[in-house]
Amino acid sequence: MSAGPNKIRAKLACRQLVTGTAIYSSSPNMVEAAGYSGIDFVRIDTEHAWRQDDSLDNMIRGANLAGACPIVRVDRENPYLIRKVLELGAGGIIVPHVYTAAYAREVVAASKFPPHGIRGFGNLCAAGNWGTIPADEWIAWSNKEPVIGIMIETPEALQEIDEILAVAGLDFVLFGPADYSIAIGLSSPQIAHPEVEDGLRRTVAAAKKHEKHVMLGVGFDDIQVGSYIGMGVTMLEFGHDVMIVQSTLSAKVARFGGGTMSL
């Protein structure tokens with residue numbers, strides 16, 4: 001791993017859109033292949049995917065090899081996972097189901113060394129190039145470059161959205177329309193529902209006010225993607241590997257699967 005500028009942070013600072021995708025499978029090859037498409041980040045899921053083995057290590061390595069910033073969604077209420085994935089070489093983290101500014105501050109604190117946080121020191125890891133980066137340089141880089149994000153998924157979080165986005169050291173939020181839909185009483189995820197769109201707009205407004213950024217799963221429809229850009233979403237997540245494979249194959253099966261042979 002090279003302890004240089006974070007690709008995502010650099011592009012956002014230049015007011016450029018950031019693009020990426022999510023990976024739910026356990027394949028380092030999938031991560032690497034996705035990275036070579038030219039996307040800026042790969043969001044590796046560990047909230048709903050089982051990663052208690054060396055798959056995460058290899059997936060992060062594959063993303064870095066392909067030039068895509070690996071952002072890991074860690075499970076909530078375990079600050080030690082944040083330190084571990086950053087030590088593996090993740091360029092960013094996301095913590096789901098953050099409801100309050102106090103919790104957001106805990107996430108930031110777990111991500112950074114003193115005096116900015118409470119992260120424990122240890123540079124004999126992939127991110128520290130196994131101790132070959134001088135300790136002071138690595139601490140300074142670790143406190144500056146990785147991007148720190150949380151998920152906004154509930155009405156409770158929206159009630160405190162201004163305070164959450166004001167938290168120092170927080171770089172972006174990922175708006176979760178699926179959980180938000182269910183939390184407001186809808187029977188299924190409905191990203192286009194007026195109440196869900198209102199939640200997204202309120203999140204974007206707070207992010208702009210505090211010079212932060214919003215990530216969203218935007219799908220593949222160009223018109224829809226354009227509408228989210230117009231709303232102020234700056235970090236675009238184009239689907240995930242499982243959905244991309246299923247939808248692509250389903251479309252072809254629907255078109256050709258029932259056809260007859262021309263013999």
# chains A, B, ... in the order shown; residues from 1 in each chain; ligands from 1

$ select_by_dssp --residues "region 27-261 of chain A" --states "helix (DSSP H, G or I)" --output "PyMOL selection string"
chain A and resi 28-35+55-66+79-88+101-111+129-131+135-144+155-159+161-165+177-183+194-209+222-231+241-256

$ residues_around --residues "region 25-41 of chain A" --least-positions-apart "4" --cutoff "6 Å" --atoms "only C-alpha atoms" --output "short mmCIF file (atom, residue, chain, number, x, y, z; two decimals) with N, CA, C and O atoms, in the first residue's frame"
data_model
loop_
_atom_site.label_atom_id
_atom_site.label_comp_id
_atom_site.auth_asym_id
_atom_site.auth_seq_id
_atom_site.Cartn_x
_atom_site.Cartn_y
_atom_site.Cartn_z
N THR A 19 -17.15 7.95 -8.29
CA THR A 19 -17.95 6.81 -8.72
C THR A 19 -17.40 5.52 -8.12
O THR A 19 -16.21 5.38 -7.88
N GLY A 20 -18.31 4.58 -7.89
CA GLY A 20 -17.89 3.30 -7.35
C GLY A 20 -18.96 2.25 -7.45
O GLY A 20 -20.00 2.44 -8.11
N ASN A 58 -7.59 -9.86 1.45
CA ASN A 58 -7.29 -10.02 0.03
C ASN A 58 -8.13 -9.09 -0.85
O ASN A 58 -7.67 -8.62 -1.90
N MET A 59 -9.37 -8.81 -0.43
CA MET A 59 -10.22 -7.91 -1.21
C MET A 59 -9.69 -6.48 -1.15
O MET A 59 -9.67 -5.76 -2.15
N GLY A 62 -6.71 -6.32 -3.37
CA GLY A 62 -7.10 -6.30 -4.78
C GLY A 62 -7.57 -4.93 -5.23
O GLY A 62 -7.24 -4.47 -6.32
N ALA A 63 -8.33 -4.25 -4.37
CA ALA A 63 -8.80 -2.91 -4.71
C ALA A 63 -7.64 -1.93 -4.83
O ALA A 63 -7.55 -1.16 -5.79
N ALA A 66 -5.72 -2.40 -8.03
CA ALA A 66 -6.40 -1.91 -9.23
C ALA A 66 -6.64 -0.40 -9.21
O ALA A 66 -7.21 0.14 -10.15
N ALA A 68 -8.54 1.36 -7.06
CA ALA A 68 -9.84 1.78 -6.53
C ALA A 68 -9.75 1.83 -5.01
O ALA A 68 -9.29 0.88 -4.39
N CYS A 69 -10.17 2.92 -4.42
CA CYS A 69 -10.09 3.07 -2.98
C CYS A 69 -11.04 2.08 -2.30
O CYS A 69 -12.25 2.12 -2.55
N PRO A 70 -10.53 1.19 -1.44
CA PRO A 70 -11.43 0.27 -0.74
C PRO A 70 -12.07 0.95 0.47
O PRO A 70 -11.37 1.40 1.39
#

$ closest_residue --among "A:Ala101, A:Leu174, A:Ala192, A:Leu200" --to "Ile150 (chain A)" --atoms "only C-alpha atoms"
A:Leu174

$ select_by_dssp --residues "region 10-232 of chain A" --states "strand (DSSP E)" --output "JSON, numbers by chain"
{"A": [18, 19, 20, 21, 22, 23, 41, 42, 43, 44, 45, 69, 70, 71, 72, 73, 92, 93, 94, 95, 147, 148, 149, 150, 151, 152, 172, 173, 174, 175, 213, 214, 215, 216, 217]}

$ write_last_selection --atoms "N, CA, C and O atoms" --output "tab-separated table (two decimals), in the first residue's frame"
chain	number	residue	atom	x	y	z
A	18	VAL	N	-17.51	11.39	-7.60
A	18	VAL	CA	-16.79	10.15	-7.29
A	18	VAL	C	-17.69	8.98	-7.63
A	18	VAL	O	-18.89	8.99	-7.30
A	19	THR	N	-17.15	7.95	-8.29
A	19	THR	CA	-17.95	6.81	-8.72
A	19	THR	C	-17.40	5.52	-8.12
A	19	THR	O	-16.21	5.38	-7.88
A	20	GLY	N	-18.31	4.58	-7.89
A	20	GLY	CA	-17.89	3.30	-7.35
A	20	GLY	C	-18.96	2.25	-7.45
A	20	GLY	O	-20.00	2.44	-8.11
A	21	THR	N	-18.73	1.13	-6.78
A	21	THR	CA	-19.70	0.06	-6.73
A	21	THR	C	-19.53	-0.66	-5.40
A	21	THR	O	-18.58	-0.40	-4.66
A	22	ALA	N	-20.46	-1.55	-5.09
A	22	ALA	CA	-20.39	-2.33	-3.86
A	22	ALA	C	-20.12	-3.79	-4.19
A	22	ALA	O	-20.52	-4.28	-5.25
A	23	ILE	N	-19.44	-4.47	-3.27
A	23	ILE	CA	-19.11	-5.87	-3.44
A	23	ILE	C	-19.66	-6.65	-2.24
A	23	ILE	O	-19.29	-6.38	-1.10
A	41	PHE	N	-13.95	4.00	-6.19
A	41	PHE	CA	-13.98	3.24	-4.94
A	41	PHE	C	-14.74	1.94	-5.11
A	41	PHE	O	-15.56	1.77	-6.02
A	42	VAL	N	-14.42	1.01	-4.25
A	42	VAL	CA	-15.17	-0.23	-4.11
A	42	VAL	C	-15.61	-0.31	-2.65
A	42	VAL	O	-14.77	-0.28	-1.74
A	43	ARG	N	-16.92	-0.35	-2.43
A	43	ARG	CA	-17.42	-0.49	-1.06
A	43	ARG	C	-17.57	-1.97	-0.76
A	43	ARG	O	-18.39	-2.66	-1.35
A	44	ILE	N	-16.75	-2.44	0.16
A	44	ILE	CA	-16.75	-3.85	0.53
A	44	ILE	C	-17.63	-4.02	1.76
A	44	ILE	O	-17.40	-3.37	2.79
A	45	ASP	N	-18.62	-4.88	1.66
A	45	ASP	CA	-19.59	-5.01	2.74
A	45	ASP	C	-19.15	-6.05	3.76
A	45	ASP	O	-18.76	-7.16	3.40
A	69	CYS	N	-10.17	2.92	-4.42
A	69	CYS	CA	-10.09	3.07	-2.98
A	69	CYS	C	-11.04	2.08	-2.30
A	69	CYS	O	-12.25	2.12	-2.55
A	70	PRO	N	-10.53	1.19	-1.44
A	70	PRO	CA	-11.43	0.27	-0.74
A	70	PRO	C	-12.07	0.95	0.47
A	70	PRO	O	-11.37	1.40	1.39
A	71	ILE	N	-13.40	1.05	0.45
A	71	ILE	CA	-14.15	1.56	1.58
A	71	ILE	C	-14.88	0.37	2.20
A	71	ILE	O	-15.64	-0.31	1.50
A	72	VAL	N	-14.66	0.12	3.46
A	72	VAL	CA	-15.25	-1.05	4.11
A	72	VAL	C	-16.41	-0.63	5.00
A	72	VAL	O	-16.25	0.24	5.86
A	73	ARG	N	-17.57	-1.23	4.78
A	73	ARG	CA	-18.69	-1.03	5.69
A	73	ARG	C	-18.55	-2.05	6.82
A	73	ARG	O	-18.73	-3.25	6.61
A	92	GLY	N	-11.06	3.94	3.55
A	92	GLY	CA	-12.20	4.58	4.18
A	92	GLY	C	-13.06	3.56	4.88
A	92	GLY	O	-12.93	2.34	4.64
A	93	ILE	N	-13.94	4.04	5.75
A	93	ILE	CA	-14.86	3.15	6.46
A	93	ILE	C	-16.26	3.78	6.46
A	93	ILE	O	-16.41	5.00	6.32
A	94	ILE	N	-17.24	2.91	6.60
A	94	ILE	CA	-18.63	3.34	6.79
A	94	ILE	C	-19.21	2.53	7.95
A	94	ILE	O	-19.05	1.30	7.99
A	95	VAL	N	-19.86	3.21	8.88
A	95	VAL	CA	-20.54	2.53	9.97
A	95	VAL	C	-22.05	2.70	9.78
A	95	VAL	O	-22.52	3.83	9.61
A	147	VAL	N	-11.08	8.30	4.37
A	147	VAL	CA	-12.37	9.00	4.43
A	147	VAL	C	-13.28	8.27	5.41
A	147	VAL	O	-13.40	7.04	5.38
A	148	ILE	N	-13.94	9.03	6.27
A	148	ILE	CA	-14.75	8.47	7.34
A	148	ILE	C	-16.21	8.77	7.07
A	148	ILE	O	-16.61	9.93	6.91
A	149	GLY	N	-17.01	7.71	7.01
A	149	GLY	CA	-18.43	7.87	6.70
A	149	GLY	C	-19.32	7.09	7.63
A	149	GLY	O	-18.89	6.15	8.30
A	150	ILE	N	-20.57	7.48	7.67
A	150	ILE	CA	-21.60	6.78	8.44
A	150	ILE	C	-22.84	6.65	7.56
A	150	ILE	O	-22.94	7.31	6.52
A	151	MET	N	-23.80	5.84	8.00
A	151	MET	CA	-25.05	5.69	7.26
A	151	MET	C	-26.19	6.40	7.96
A	151	MET	O	-26.32	6.34	9.19
A	152	ILE	N	-27.01	7.07	7.17
A	152	ILE	CA	-28.23	7.70	7.63
A	152	ILE	C	-29.39	6.84	7.14
A	152	ILE	O	-29.63	6.75	5.94
A	172	PHE	N	-18.34	12.05	5.00
A	172	PHE	CA	-19.51	11.80	4.14
A	172	PHE	C	-20.50	10.91	4.87
A	172	PHE	O	-20.19	10.29	5.90
A	173	VAL	N	-21.71	10.86	4.32
A	173	VAL	CA	-22.72	9.92	4.80
A	173	VAL	C	-23.25	9.14	3.61
A	173	VAL	O	-23.31	9.65	2.49
A	174	LEU	N	-23.58	7.90	3.85
A	174	LEU	CA	-24.26	7.06	2.86
A	174	LEU	C	-25.72	6.99	3.27
A	174	LEU	O	-26.05	6.47	4.34
A	175	PHE	N	-26.58	7.55	2.44
A	175	PHE	CA	-28.02	7.50	2.73
A	175	PHE	C	-28.53	6.12	2.36
A	175	PHE	O	-28.32	5.64	1.23
A	213	HIS	N	-20.18	15.32	2.21
A	213	HIS	CA	-20.64	14.70	0.97
A	213	HIS	C	-21.64	13.57	1.25
A	213	HIS	O	-21.65	13.00	2.34
A	214	VAL	N	-22.45	13.26	0.23
A	214	VAL	CA	-23.47	12.22	0.34
A	214	VAL	C	-23.20	11.15	-0.71
A	214	VAL	O	-23.08	11.45	-1.90
A	215	MET	N	-23.13	9.91	-0.26
A	215	MET	CA	-23.04	8.74	-1.13
A	215	MET	C	-24.43	8.12	-1.25
A	215	MET	O	-25.20	8.13	-0.29
A	216	LEU	N	-24.73	7.57	-2.42
A	216	LEU	CA	-26.03	6.92	-2.64
A	216	LEU	C	-25.88	5.83	-3.68
A	216	LEU	O	-25.16	6.00	-4.67
A	217	GLY	N	-26.58	4.71	-3.46
A	217	GLY	CA	-26.70	3.70	-4.50
A	217	GLY	C	-27.65	4.21	-5.57
A	217	GLY	O	-28.85	4.33	-5.32

$ residues_around --residues "Ala205 (chain A)" --least-positions-apart "2" --cutoff "10 Å" --atoms "only C-alpha atoms" --output "PyMOL selection string"
chain A and resi 161-162+165+199-203+207-214+231-232
